[in-house]
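Visitor: One structure coming up, written as structure tokens, with questions to follow.
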Amino acid sequence: MEANAALGEIQLAQEDYVGAIISYRRVIENIPDDAGAHFNMGLALKGRGGRETQAIGFFQKALELYQQQGNTEGVQKAQAVLREMQKKK
């Protein structure tokens, strides 16, 4: 699954949002508690456009997982993106 996560990061950086969505979907299916995969799936959906509601769901799940895992940096990152997206509504 690390290969899919790494591929997703490359695709995200290259703005290949559809490819990134596919890669992160595979990671999440196999490792459902991977907060980073949920966060990056949110980024891919947000980047693709027109999928903001779905993106918010993934960011919220990432926030929940980061909180459970005690990842303060992840919590702050997810909260910042969620705040930004709420402002745009």
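Simple scheme: letters A, B, ... for chains in structure tokens order, numbers from 1 for residues in each chain, numbers from 1 for ligands in the order shown.
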Within 8 Å of Val75 (chain A), counting only C-alpha atoms, which residues show up once you throw out same-chain ones fewer than 6 positions away? Write them as an MDAnalysis selection string, please.
Guide: chainID A and resid 63 66:67
Visitor: Grab the residues selected above and save them as a PDB file, in the first residue's frame with all heavy atoms.
Guide:
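Saved the output as selection25.pdb:
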ATOM      1  N   LEU A  63      -9.441  14.324  10.235  1.00  0.00           N
ATOM      2  CA  LEU A  63      -9.372  15.035  11.516  1.00  0.00           C
ATOM      3  C   LEU A  63      -9.678  14.078  12.665  1.00  0.00           C
ATOM      4  O   LEU A  63      -8.941  14.033  13.656  1.00  0.00           O
ATOM      5  CB  LEU A  63     -10.366  16.209  11.513  1.00  0.00           C
ATOM      6  CG  LEU A  63     -10.512  16.969  12.821  1.00  0.00           C
ATOM      7  CD1 LEU A  63      -9.192  17.589  13.254  1.00  0.00           C
ATOM      8  CD2 LEU A  63     -11.593  18.041  12.683  1.00  0.00           C
ATOM      9  N   TYR A  66      -6.706  11.681  13.036  1.00  0.00           N
ATOM     10  CA  TYR A  66      -5.554  12.393  13.613  1.00  0.00           C
ATOM     11  C   TYR A  66      -5.762  12.597  15.117  1.00  0.00           C
ATOM     12  O   TYR A  66      -4.829  12.433  15.913  1.00  0.00           O
ATOM     13  CB  TYR A  66      -5.351  13.746  12.944  1.00  0.00           C
ATOM     14  CG  TYR A  66      -4.699  13.718  11.584  1.00  0.00           C
ATOM     15  CD1 TYR A  66      -5.199  14.481  10.531  1.00  0.00           C
ATOM     16  CD2 TYR A  66      -3.556  12.952  11.329  1.00  0.00           C
ATOM     17  CE1 TYR A  66      -4.597  14.482   9.281  1.00  0.00           C
ATOM     18  CE2 TYR A  66      -2.948  12.940  10.085  1.00  0.00           C
ATOM     19  CZ  TYR A  66      -3.470  13.711   9.066  1.00  0.00           C
ATOM     20  OH  TYR A  66      -2.865  13.715   7.830  1.00  0.00           O
ATOM     21  N   GLN A  67      -6.989  12.952  15.512  1.00  0.00           N
ATOM     22  CA  GLN A  67      -7.271  13.149  16.940  1.00  0.00           C
ATOM     23  C   GLN A  67      -7.096  11.841  17.702  1.00  0.00           C
ATOM     24  O   GLN A  67      -6.483  11.826  18.776  1.00  0.00           O
ATOM     25  CB  GLN A  67      -8.691  13.700  17.131  1.00  0.00           C
ATOM     26  CG  GLN A  67      -8.828  15.137  16.701  1.00  0.00           C
ATOM     27  CD  GLN A  67     -10.264  15.633  16.669  1.00  0.00           C
ATOM     28  OE1 GLN A  67     -11.194  14.855  16.437  1.00  0.00           O
ATOM     29  NE2 GLN A  67     -10.443  16.925  16.871  1.00  0.00           N
TER      30      GLN A  67
END
Visitor: Can you tell me, as a list in words, what residues are no more than 8 Å from Gln11 (chain A) when counting only C-alpha atoms, ignoring any on the same chain fewer than 6 positions away?
Guide: Tyr17, Gly19 and Ala20 of chain A
Visitor: Could you give me, as a list in words, the residues within 10 Å of Val27 (chain A), counting only C-alpha atoms and dropping anything in the same chain fewer than 5 positions from it?
Guide: Met1, Glu2, Ala3, Asn4, Ala5, Gly8, Ile21, Ile22, Pro32, Asp33, Asp34, Gly36, Ala37, His38 and Met41 of chain A
Visitor: Output N, CA, C and O atoms for every residue in that selection, as a compact mmCIF listing (two decimals), in the first residue's frame.
Guide:
# COMPACT_ATOMS: atom_id res chain seq x y z
N MET A 1 0.82 -1.20 0.00
CA MET A 1 0.00 0.00 0.00
C MET A 1 0.86 1.26 0.00
O MET A 1 0.41 2.30 -0.43
N GLU A 2 2.08 1.14 0.49
CA GLU A 2 2.96 2.30 0.46
C GLU A 2 3.19 2.78 -0.97
O GLU A 2 3.31 3.98 -1.21
N ALA A 3 3.22 1.84 -1.91
CA ALA A 3 3.41 2.22 -3.31
C ALA A 3 2.24 3.05 -3.81
O ALA A 3 2.44 4.05 -4.51
N ASN A 4 1.02 2.67 -3.43
CA ASN A 4 -0.15 3.46 -3.83
C ASN A 4 -0.14 4.83 -3.19
O ASN A 4 -0.50 5.82 -3.83
N ALA A 5 0.26 4.91 -1.93
CA ALA A 5 0.34 6.20 -1.25
C ALA A 5 1.38 7.09 -1.91
O ALA A 5 1.16 8.28 -2.14
N GLY A 8 0.11 8.22 -5.23
CA GLY A 8 -0.90 9.25 -5.00
C GLY A 8 -0.27 10.61 -4.73
O GLY A 8 -0.75 11.63 -5.23
N ILE A 21 -7.03 10.20 -6.81
CA ILE A 21 -8.26 9.68 -6.19
C ILE A 21 -8.26 8.15 -6.23
O ILE A 21 -8.55 7.49 -5.24
N ILE A 22 -7.90 7.60 -7.38
CA ILE A 22 -7.86 6.14 -7.52
C ILE A 22 -6.82 5.54 -6.57
O ILE A 22 -7.08 4.56 -5.87
N PRO A 32 -8.04 1.52 6.38
CA PRO A 32 -9.07 2.53 6.62
C PRO A 32 -8.74 3.55 7.71
O PRO A 32 -9.36 4.61 7.75
N ASP A 33 -7.75 3.27 8.55
CA ASP A 33 -7.40 4.23 9.60
C ASP A 33 -6.17 5.06 9.25
O ASP A 33 -5.55 5.66 10.11
N ASP A 34 -5.85 5.13 7.96
CA ASP A 34 -4.72 5.94 7.49
C ASP A 34 -5.19 7.39 7.33
O ASP A 34 -5.80 7.75 6.32
N GLY A 36 -3.56 10.15 6.87
CA GLY A 36 -2.93 10.87 5.77
C GLY A 36 -3.57 10.57 4.43
O GLY A 36 -3.72 11.46 3.59
N ALA A 37 -3.98 9.33 4.24
CA ALA A 37 -4.65 8.95 2.99
C ALA A 37 -6.00 9.65 2.87
O ALA A 37 -6.37 10.12 1.80
N HIS A 38 -6.73 9.74 3.99
CA HIS A 38 -8.01 10.45 3.98
C HIS A 38 -7.79 11.93 3.68
O HIS A 38 -8.52 12.53 2.89
N MET A 41 -6.84 12.31 0.04
CA MET A 41 -8.02 12.08 -0.80
C MET A 41 -8.86 13.35 -0.83
O MET A 41 -9.36 13.75 -1.89
Visitor: For a quick check of understanding, using only C-alpha atoms, which of A:Val18, A:Ala13, A:Glu29, A:Ala35 has the smallest distance to Asn71 (chain A)?
Guide: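 Nearest candidate to Asn71 (chain A) out of A:Val18, A:Ala13, A:Glu29, A:Ala35: A:Ala35.
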Visitor: Measure the distance from CA of Gly74 (chain A) to CA of Leu12 (chain A) in Å and round it to one decimal.
Guide: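 We find that CA of Gly74 (chain A) and CA of Leu12 (chain A) lie 18.0 Å from each other.
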Visitor: Enumerate the residues of chain A with a DSSP assignment of alpha helix (DSSP H), computed from the backbone, and present them as a tab-separated table (two decimals) with N, CA, C and O atoms, in the first residue's frame.
Guide:
chain	number	residue	atom	x	y	z
A	2	GLU	N	2.08	1.14	0.49
A	2	GLU	CA	2.96	2.30	0.46
A	2	GLU	C	3.19	2.78	-0.97
A	2	GLU	O	3.31	3.98	-1.21
A	3	ALA	N	3.22	1.84	-1.91
A	3	ALA	CA	3.41	2.22	-3.31
A	3	ALA	C	2.24	3.05	-3.81
A	3	ALA	O	2.44	4.05	-4.51
A	4	ASN	N	1.02	2.67	-3.43
A	4	ASN	CA	-0.15	3.46	-3.83
A	4	ASN	C	-0.14	4.83	-3.19
A	4	ASN	O	-0.50	5.82	-3.83
A	5	ALA	N	0.26	4.91	-1.93
A	5	ALA	CA	0.34	6.20	-1.25
A	5	ALA	C	1.38	7.09	-1.91
A	5	ALA	O	1.16	8.28	-2.14
A	6	ALA	N	2.55	6.51	-2.23
A	6	ALA	CA	3.62	7.28	-2.88
A	6	ALA	C	3.17	7.74	-4.27
A	6	ALA	O	3.42	8.89	-4.67
A	7	LEU	N	2.52	6.84	-5.01
A	7	LEU	CA	2.01	7.20	-6.32
A	7	LEU	C	0.98	8.32	-6.21
A	7	LEU	O	1.00	9.27	-7.00
A	8	GLY	N	0.11	8.22	-5.23
A	8	GLY	CA	-0.90	9.25	-5.00
A	8	GLY	C	-0.27	10.61	-4.73
A	8	GLY	O	-0.75	11.63	-5.23
A	9	GLU	N	0.82	10.62	-3.96
A	9	GLU	CA	1.51	11.88	-3.66
A	9	GLU	C	2.08	12.49	-4.94
A	9	GLU	O	1.98	13.70	-5.16
A	10	ILE	N	2.67	11.66	-5.78
A	10	ILE	CA	3.23	12.14	-7.05
A	10	ILE	C	2.09	12.68	-7.93
A	10	ILE	O	2.20	13.77	-8.50
A	11	GLN	N	1.01	11.92	-8.02
A	11	GLN	CA	-0.12	12.35	-8.85
A	11	GLN	C	-0.72	13.65	-8.33
A	11	GLN	O	-1.07	14.53	-9.12
A	12	LEU	N	-0.81	13.79	-7.03
A	12	LEU	CA	-1.33	15.01	-6.43
A	12	LEU	C	-0.43	16.19	-6.78
A	12	LEU	O	-0.92	17.26	-7.18
A	13	ALA	N	0.87	15.99	-6.67
A	13	ALA	CA	1.83	17.06	-6.98
A	13	ALA	C	1.75	17.46	-8.45
A	13	ALA	O	1.96	18.63	-8.80
A	17	TYR	N	-5.49	14.67	-10.51
A	17	TYR	CA	-6.41	14.44	-9.41
A	17	TYR	C	-7.18	13.12	-9.54
A	17	TYR	O	-7.40	12.44	-8.55
A	18	VAL	N	-7.57	12.75	-10.75
A	18	VAL	CA	-8.30	11.49	-10.94
A	18	VAL	C	-7.39	10.31	-10.56
A	18	VAL	O	-7.81	9.40	-9.85
A	19	GLY	N	-6.15	10.35	-11.02
A	19	GLY	CA	-5.20	9.30	-10.66
A	19	GLY	C	-4.97	9.22	-9.17
A	19	GLY	O	-4.92	8.13	-8.58
A	20	ALA	N	-4.85	10.40	-8.53
A	20	ALA	CA	-4.64	10.44	-7.08
A	20	ALA	C	-5.85	9.88	-6.34
A	20	ALA	O	-5.69	9.14	-5.36
A	21	ILE	N	-7.03	10.20	-6.81
A	21	ILE	CA	-8.26	9.68	-6.19
A	21	ILE	C	-8.26	8.15	-6.23
A	21	ILE	O	-8.55	7.49	-5.24
A	22	ILE	N	-7.90	7.60	-7.38
A	22	ILE	CA	-7.86	6.14	-7.52
A	22	ILE	C	-6.82	5.54	-6.57
A	22	ILE	O	-7.08	4.56	-5.87
A	23	SER	N	-5.63	6.14	-6.52
A	23	SER	CA	-4.57	5.62	-5.65
A	23	SER	C	-4.96	5.68	-4.18
A	23	SER	O	-4.79	4.71	-3.44
A	24	TYR	N	-5.51	6.81	-3.75
A	24	TYR	CA	-5.87	6.94	-2.33
A	24	TYR	C	-7.08	6.07	-1.98
A	24	TYR	O	-7.18	5.59	-0.85
A	25	ARG	N	-7.97	5.85	-2.94
A	25	ARG	CA	-9.11	4.96	-2.67
A	25	ARG	C	-8.58	3.56	-2.34
A	25	ARG	O	-9.06	2.89	-1.43
A	26	ARG	N	-7.57	3.12	-3.08
A	26	ARG	CA	-6.96	1.80	-2.82
A	26	ARG	C	-6.34	1.74	-1.43
A	26	ARG	O	-6.48	0.74	-0.72
A	27	VAL	N	-5.63	2.81	-1.06
A	27	VAL	CA	-5.00	2.84	0.27
A	27	VAL	C	-6.07	2.76	1.35
A	27	VAL	O	-5.97	1.97	2.29
A	28	ILE	N	-7.10	3.59	1.22
A	28	ILE	CA	-8.16	3.65	2.24
A	28	ILE	C	-8.91	2.33	2.34
A	28	ILE	O	-9.28	1.91	3.44
A	29	GLU	N	-9.12	1.66	1.22
A	29	GLU	CA	-9.80	0.36	1.25
A	29	GLU	C	-9.00	-0.65	2.07
A	29	GLU	O	-9.57	-1.48	2.76
A	30	ASN	N	-7.69	-0.59	1.98
A	30	ASN	CA	-6.83	-1.56	2.66
A	30	ASN	C	-6.39	-1.11	4.05
A	30	ASN	O	-6.12	-1.95	4.91
A	35	ALA	N	-4.93	8.19	8.35
A	35	ALA	CA	-5.40	9.59	8.35
A	35	ALA	C	-4.84	10.37	7.18
A	35	ALA	O	-5.54	11.16	6.55
A	36	GLY	N	-3.56	10.15	6.87
A	36	GLY	CA	-2.93	10.87	5.77
A	36	GLY	C	-3.57	10.57	4.43
A	36	GLY	O	-3.72	11.46	3.59
A	37	ALA	N	-3.98	9.33	4.24
A	37	ALA	CA	-4.65	8.95	2.99
A	37	ALA	C	-6.00	9.65	2.87
A	37	ALA	O	-6.37	10.12	1.80
A	38	HIS	N	-6.73	9.74	3.99
A	38	HIS	CA	-8.01	10.45	3.98
A	38	HIS	C	-7.79	11.93	3.68
A	38	HIS	O	-8.52	12.53	2.89
A	39	PHE	N	-6.77	12.51	4.30
A	39	PHE	CA	-6.48	13.93	4.08
A	39	PHE	C	-6.13	14.18	2.61
A	39	PHE	O	-6.66	15.09	1.97
A	40	ASN	N	-5.25	13.34	2.08
A	40	ASN	CA	-4.82	13.53	0.68
A	40	ASN	C	-5.95	13.23	-0.30
A	40	ASN	O	-6.02	13.86	-1.36
A	41	MET	N	-6.84	12.31	0.04
A	41	MET	CA	-8.02	12.08	-0.80
A	41	MET	C	-8.86	13.35	-0.83
A	41	MET	O	-9.36	13.75	-1.89
A	42	GLY	N	-8.98	14.00	0.31
A	42	GLY	CA	-9.71	15.28	0.36
A	42	GLY	C	-9.06	16.31	-0.54
A	42	GLY	O	-9.75	17.04	-1.27
A	43	LEU	N	-7.73	16.37	-0.52
A	43	LEU	CA	-7.02	17.32	-1.38
A	43	LEU	C	-7.27	17.02	-2.85
A	43	LEU	O	-7.47	17.94	-3.66
A	44	ALA	N	-7.24	15.75	-3.20
A	44	ALA	CA	-7.46	15.35	-4.60
A	44	ALA	C	-8.88	15.71	-5.05
A	44	ALA	O	-9.08	16.23	-6.15
A	45	LEU	N	-9.86	15.44	-4.21
A	45	LEU	CA	-11.25	15.76	-4.55
A	45	LEU	C	-11.45	17.27	-4.65
A	45	LEU	O	-12.11	17.76	-5.57
A	46	LYS	N	-10.85	17.99	-3.73
A	46	LYS	CA	-10.92	19.46	-3.75
A	46	LYS	C	-10.27	20.00	-5.02
A	46	LYS	O	-10.80	20.89	-5.68
A	47	GLY	N	-9.12	19.46	-5.37
A	47	GLY	CA	-8.40	19.90	-6.56
A	47	GLY	C	-9.15	19.62	-7.84
A	47	GLY	O	-9.09	20.40	-8.79
A	48	ARG	N	-9.86	18.52	-7.87
A	48	ARG	CA	-10.62	18.15	-9.07
A	48	ARG	C	-11.76	19.12	-9.33
A	48	ARG	O	-12.15	19.37	-10.45
A	52	GLU	N	-16.50	19.17	-3.60
A	52	GLU	CA	-16.18	19.76	-2.31
A	52	GLU	C	-16.86	19.04	-1.15
A	52	GLU	O	-16.26	18.86	-0.09
A	53	THR	N	-18.12	18.65	-1.34
A	53	THR	CA	-18.84	17.96	-0.25
A	53	THR	C	-18.14	16.66	0.11
A	53	THR	O	-17.96	16.35	1.29
A	54	GLN	N	-17.73	15.91	-0.91
A	54	GLN	CA	-17.00	14.67	-0.66
A	54	GLN	C	-15.66	14.97	0.01
A	54	GLN	O	-15.24	14.26	0.93
A	55	ALA	N	-14.98	16.01	-0.46
A	55	ALA	CA	-13.68	16.38	0.11
A	55	ALA	C	-13.81	16.69	1.59
A	55	ALA	O	-13.01	16.23	2.41
A	56	ILE	N	-14.84	17.45	1.94
A	56	ILE	CA	-15.06	17.79	3.36
A	56	ILE	C	-15.23	16.53	4.19
A	56	ILE	O	-14.68	16.43	5.30
A	57	GLY	N	-15.95	15.55	3.67
A	57	GLY	CA	-16.13	14.28	4.40
A	57	GLY	C	-14.80	13.59	4.67
A	57	GLY	O	-14.57	13.09	5.77
A	58	PHE	N	-13.90	13.59	3.68
A	58	PHE	CA	-12.59	12.97	3.88
A	58	PHE	C	-11.73	13.78	4.85
A	58	PHE	O	-11.00	13.21	5.66
A	59	PHE	N	-11.80	15.11	4.77
A	59	PHE	CA	-11.05	15.94	5.71
A	59	PHE	C	-11.56	15.73	7.14
A	59	PHE	O	-10.77	15.67	8.09
A	60	GLN	N	-12.88	15.60	7.30
A	60	GLN	CA	-13.44	15.36	8.64
A	60	GLN	C	-13.00	14.01	9.18
A	60	GLN	O	-12.68	13.89	10.37
A	61	LYS	N	-12.98	13.00	8.32
A	61	LYS	CA	-12.52	11.67	8.75
A	61	LYS	C	-11.04	11.72	9.12
A	61	LYS	O	-10.62	11.13	10.12
A	62	ALA	N	-10.25	12.45	8.32
A	62	ALA	CA	-8.82	12.60	8.62
A	62	ALA	C	-8.66	13.28	9.98
A	62	ALA	O	-7.84	12.84	10.81
A	63	LEU	N	-9.44	14.32	10.23
A	63	LEU	CA	-9.37	15.04	11.52
A	63	LEU	C	-9.68	14.08	12.67
A	63	LEU	O	-8.94	14.03	13.66
A	64	GLU	N	-10.73	13.30	12.52
A	64	GLU	CA	-11.11	12.32	13.56
A	64	GLU	C	-9.96	11.33	13.81
A	64	GLU	O	-9.61	11.04	14.96
A	65	LEU	N	-9.38	10.81	12.74
A	65	LEU	CA	-8.29	9.83	12.88
A	65	LEU	C	-7.04	10.48	13.48
A	65	LEU	O	-6.38	9.88	14.34
A	66	TYR	N	-6.71	11.68	13.04
A	66	TYR	CA	-5.55	12.39	13.61
A	66	TYR	C	-5.76	12.60	15.12
A	66	TYR	O	-4.83	12.43	15.91
A	67	GLN	N	-6.99	12.95	15.51
A	67	GLN	CA	-7.27	13.15	16.94
A	67	GLN	C	-7.10	11.84	17.70
A	67	GLN	O	-6.48	11.83	18.78
A	68	GLN	N	-7.62	10.74	17.16
A	68	GLN	CA	-7.50	9.43	17.82
A	68	GLN	C	-6.04	9.01	17.96
A	68	GLN	O	-5.67	8.36	18.93
A	72	THR	N	-1.06	15.99	16.65
A	72	THR	CA	-1.42	17.40	16.77
A	72	THR	C	-1.23	18.15	15.46
A	72	THR	O	-2.09	18.94	15.06
A	73	GLU	N	-0.14	17.89	14.77
A	73	GLU	CA	0.12	18.56	13.50
A	73	GLU	C	-0.95	18.22	12.47
A	73	GLU	O	-1.45	19.08	11.75
A	74	GLY	N	-1.33	16.95	12.42
A	74	GLY	CA	-2.38	16.52	11.51
A	74	GLY	C	-3.72	17.16	11.84
A	74	GLY	O	-4.46	17.58	10.95
A	75	VAL	N	-4.03	17.24	13.14
A	75	VAL	CA	-5.28	17.87	13.58
A	75	VAL	C	-5.31	19.32	13.09
A	75	VAL	O	-6.30	19.78	12.51
A	76	GLN	N	-4.22	20.04	13.30
A	76	GLN	CA	-4.16	21.45	12.90
A	76	GLN	C	-4.29	21.60	11.39
A	76	GLN	O	-5.00	22.50	10.90
A	77	LYS	N	-3.64	20.72	10.65
A	77	LYS	CA	-3.68	20.76	9.18
A	77	LYS	C	-5.11	20.53	8.69
A	77	LYS	O	-5.60	21.27	7.83
A	78	ALA	N	-5.78	19.53	9.24
A	78	ALA	CA	-7.15	19.21	8.82
A	78	ALA	C	-8.11	20.33	9.21
A	78	ALA	O	-8.98	20.72	8.42
A	79	GLN	N	-7.95	20.87	10.41
A	79	GLN	CA	-8.81	21.96	10.85
A	79	GLN	C	-8.65	23.18	9.96
A	79	GLN	O	-9.64	23.84	9.61
A	80	ALA	N	-7.43	23.48	9.55
A	80	ALA	CA	-7.17	24.65	8.71
A	80	ALA	C	-7.86	24.50	7.35
A	80	ALA	O	-8.49	25.45	6.86
A	81	VAL	N	-7.77	23.32	6.75
A	81	VAL	CA	-8.41	23.10	5.45
A	81	VAL	C	-9.93	23.16	5.59
A	81	VAL	O	-10.61	23.76	4.75
A	82	LEU	N	-10.46	22.57	6.65
A	82	LEU	CA	-11.91	22.60	6.86
A	82	LEU	C	-12.40	24.03	7.06
A	82	LEU	O	-13.44	24.41	6.50
A	83	ARG	N	-11.66	24.83	7.81
A	83	ARG	CA	-12.03	26.25	8.01
A	83	ARG	C	-12.04	26.98	6.67
A	83	ARG	O	-12.95	27.74	6.37
A	84	GLU	N	-11.01	26.75	5.88
A	84	GLU	CA	-10.89	27.39	4.57
A	84	GLU	C	-12.08	27.02	3.67
A	84	GLU	O	-12.66	27.87	3.00
A	85	MET	N	-12.45	25.75	3.69
A	85	MET	CA	-13.55	25.30	2.83
A	85	MET	C	-14.89	25.82	3.33
A	85	MET	O	-15.77	26.10	2.53
A	86	GLN	N	-15.06	25.97	4.63
A	86	GLN	CA	-16.30	26.50	5.17
A	86	GLN	C	-16.49	27.97	4.77
A	86	GLN	O	-17.60	28.42	4.53
A	87	LYS	N	-15.39	28.71	4.68
A	87	LYS	CA	-15.45	30.12	4.29
A	87	LYS	C	-15.94	30.28	2.85
A	87	LYS	O	-16.59	31.26	2.51
A	88	LYS	N	-15.61	29.32	2.01
A	88	LYS	CA	-15.96	29.40	0.59
A	88	LYS	C	-17.41	29.04	0.32
A	88	LYS	O	-17.91	29.26	-0.76
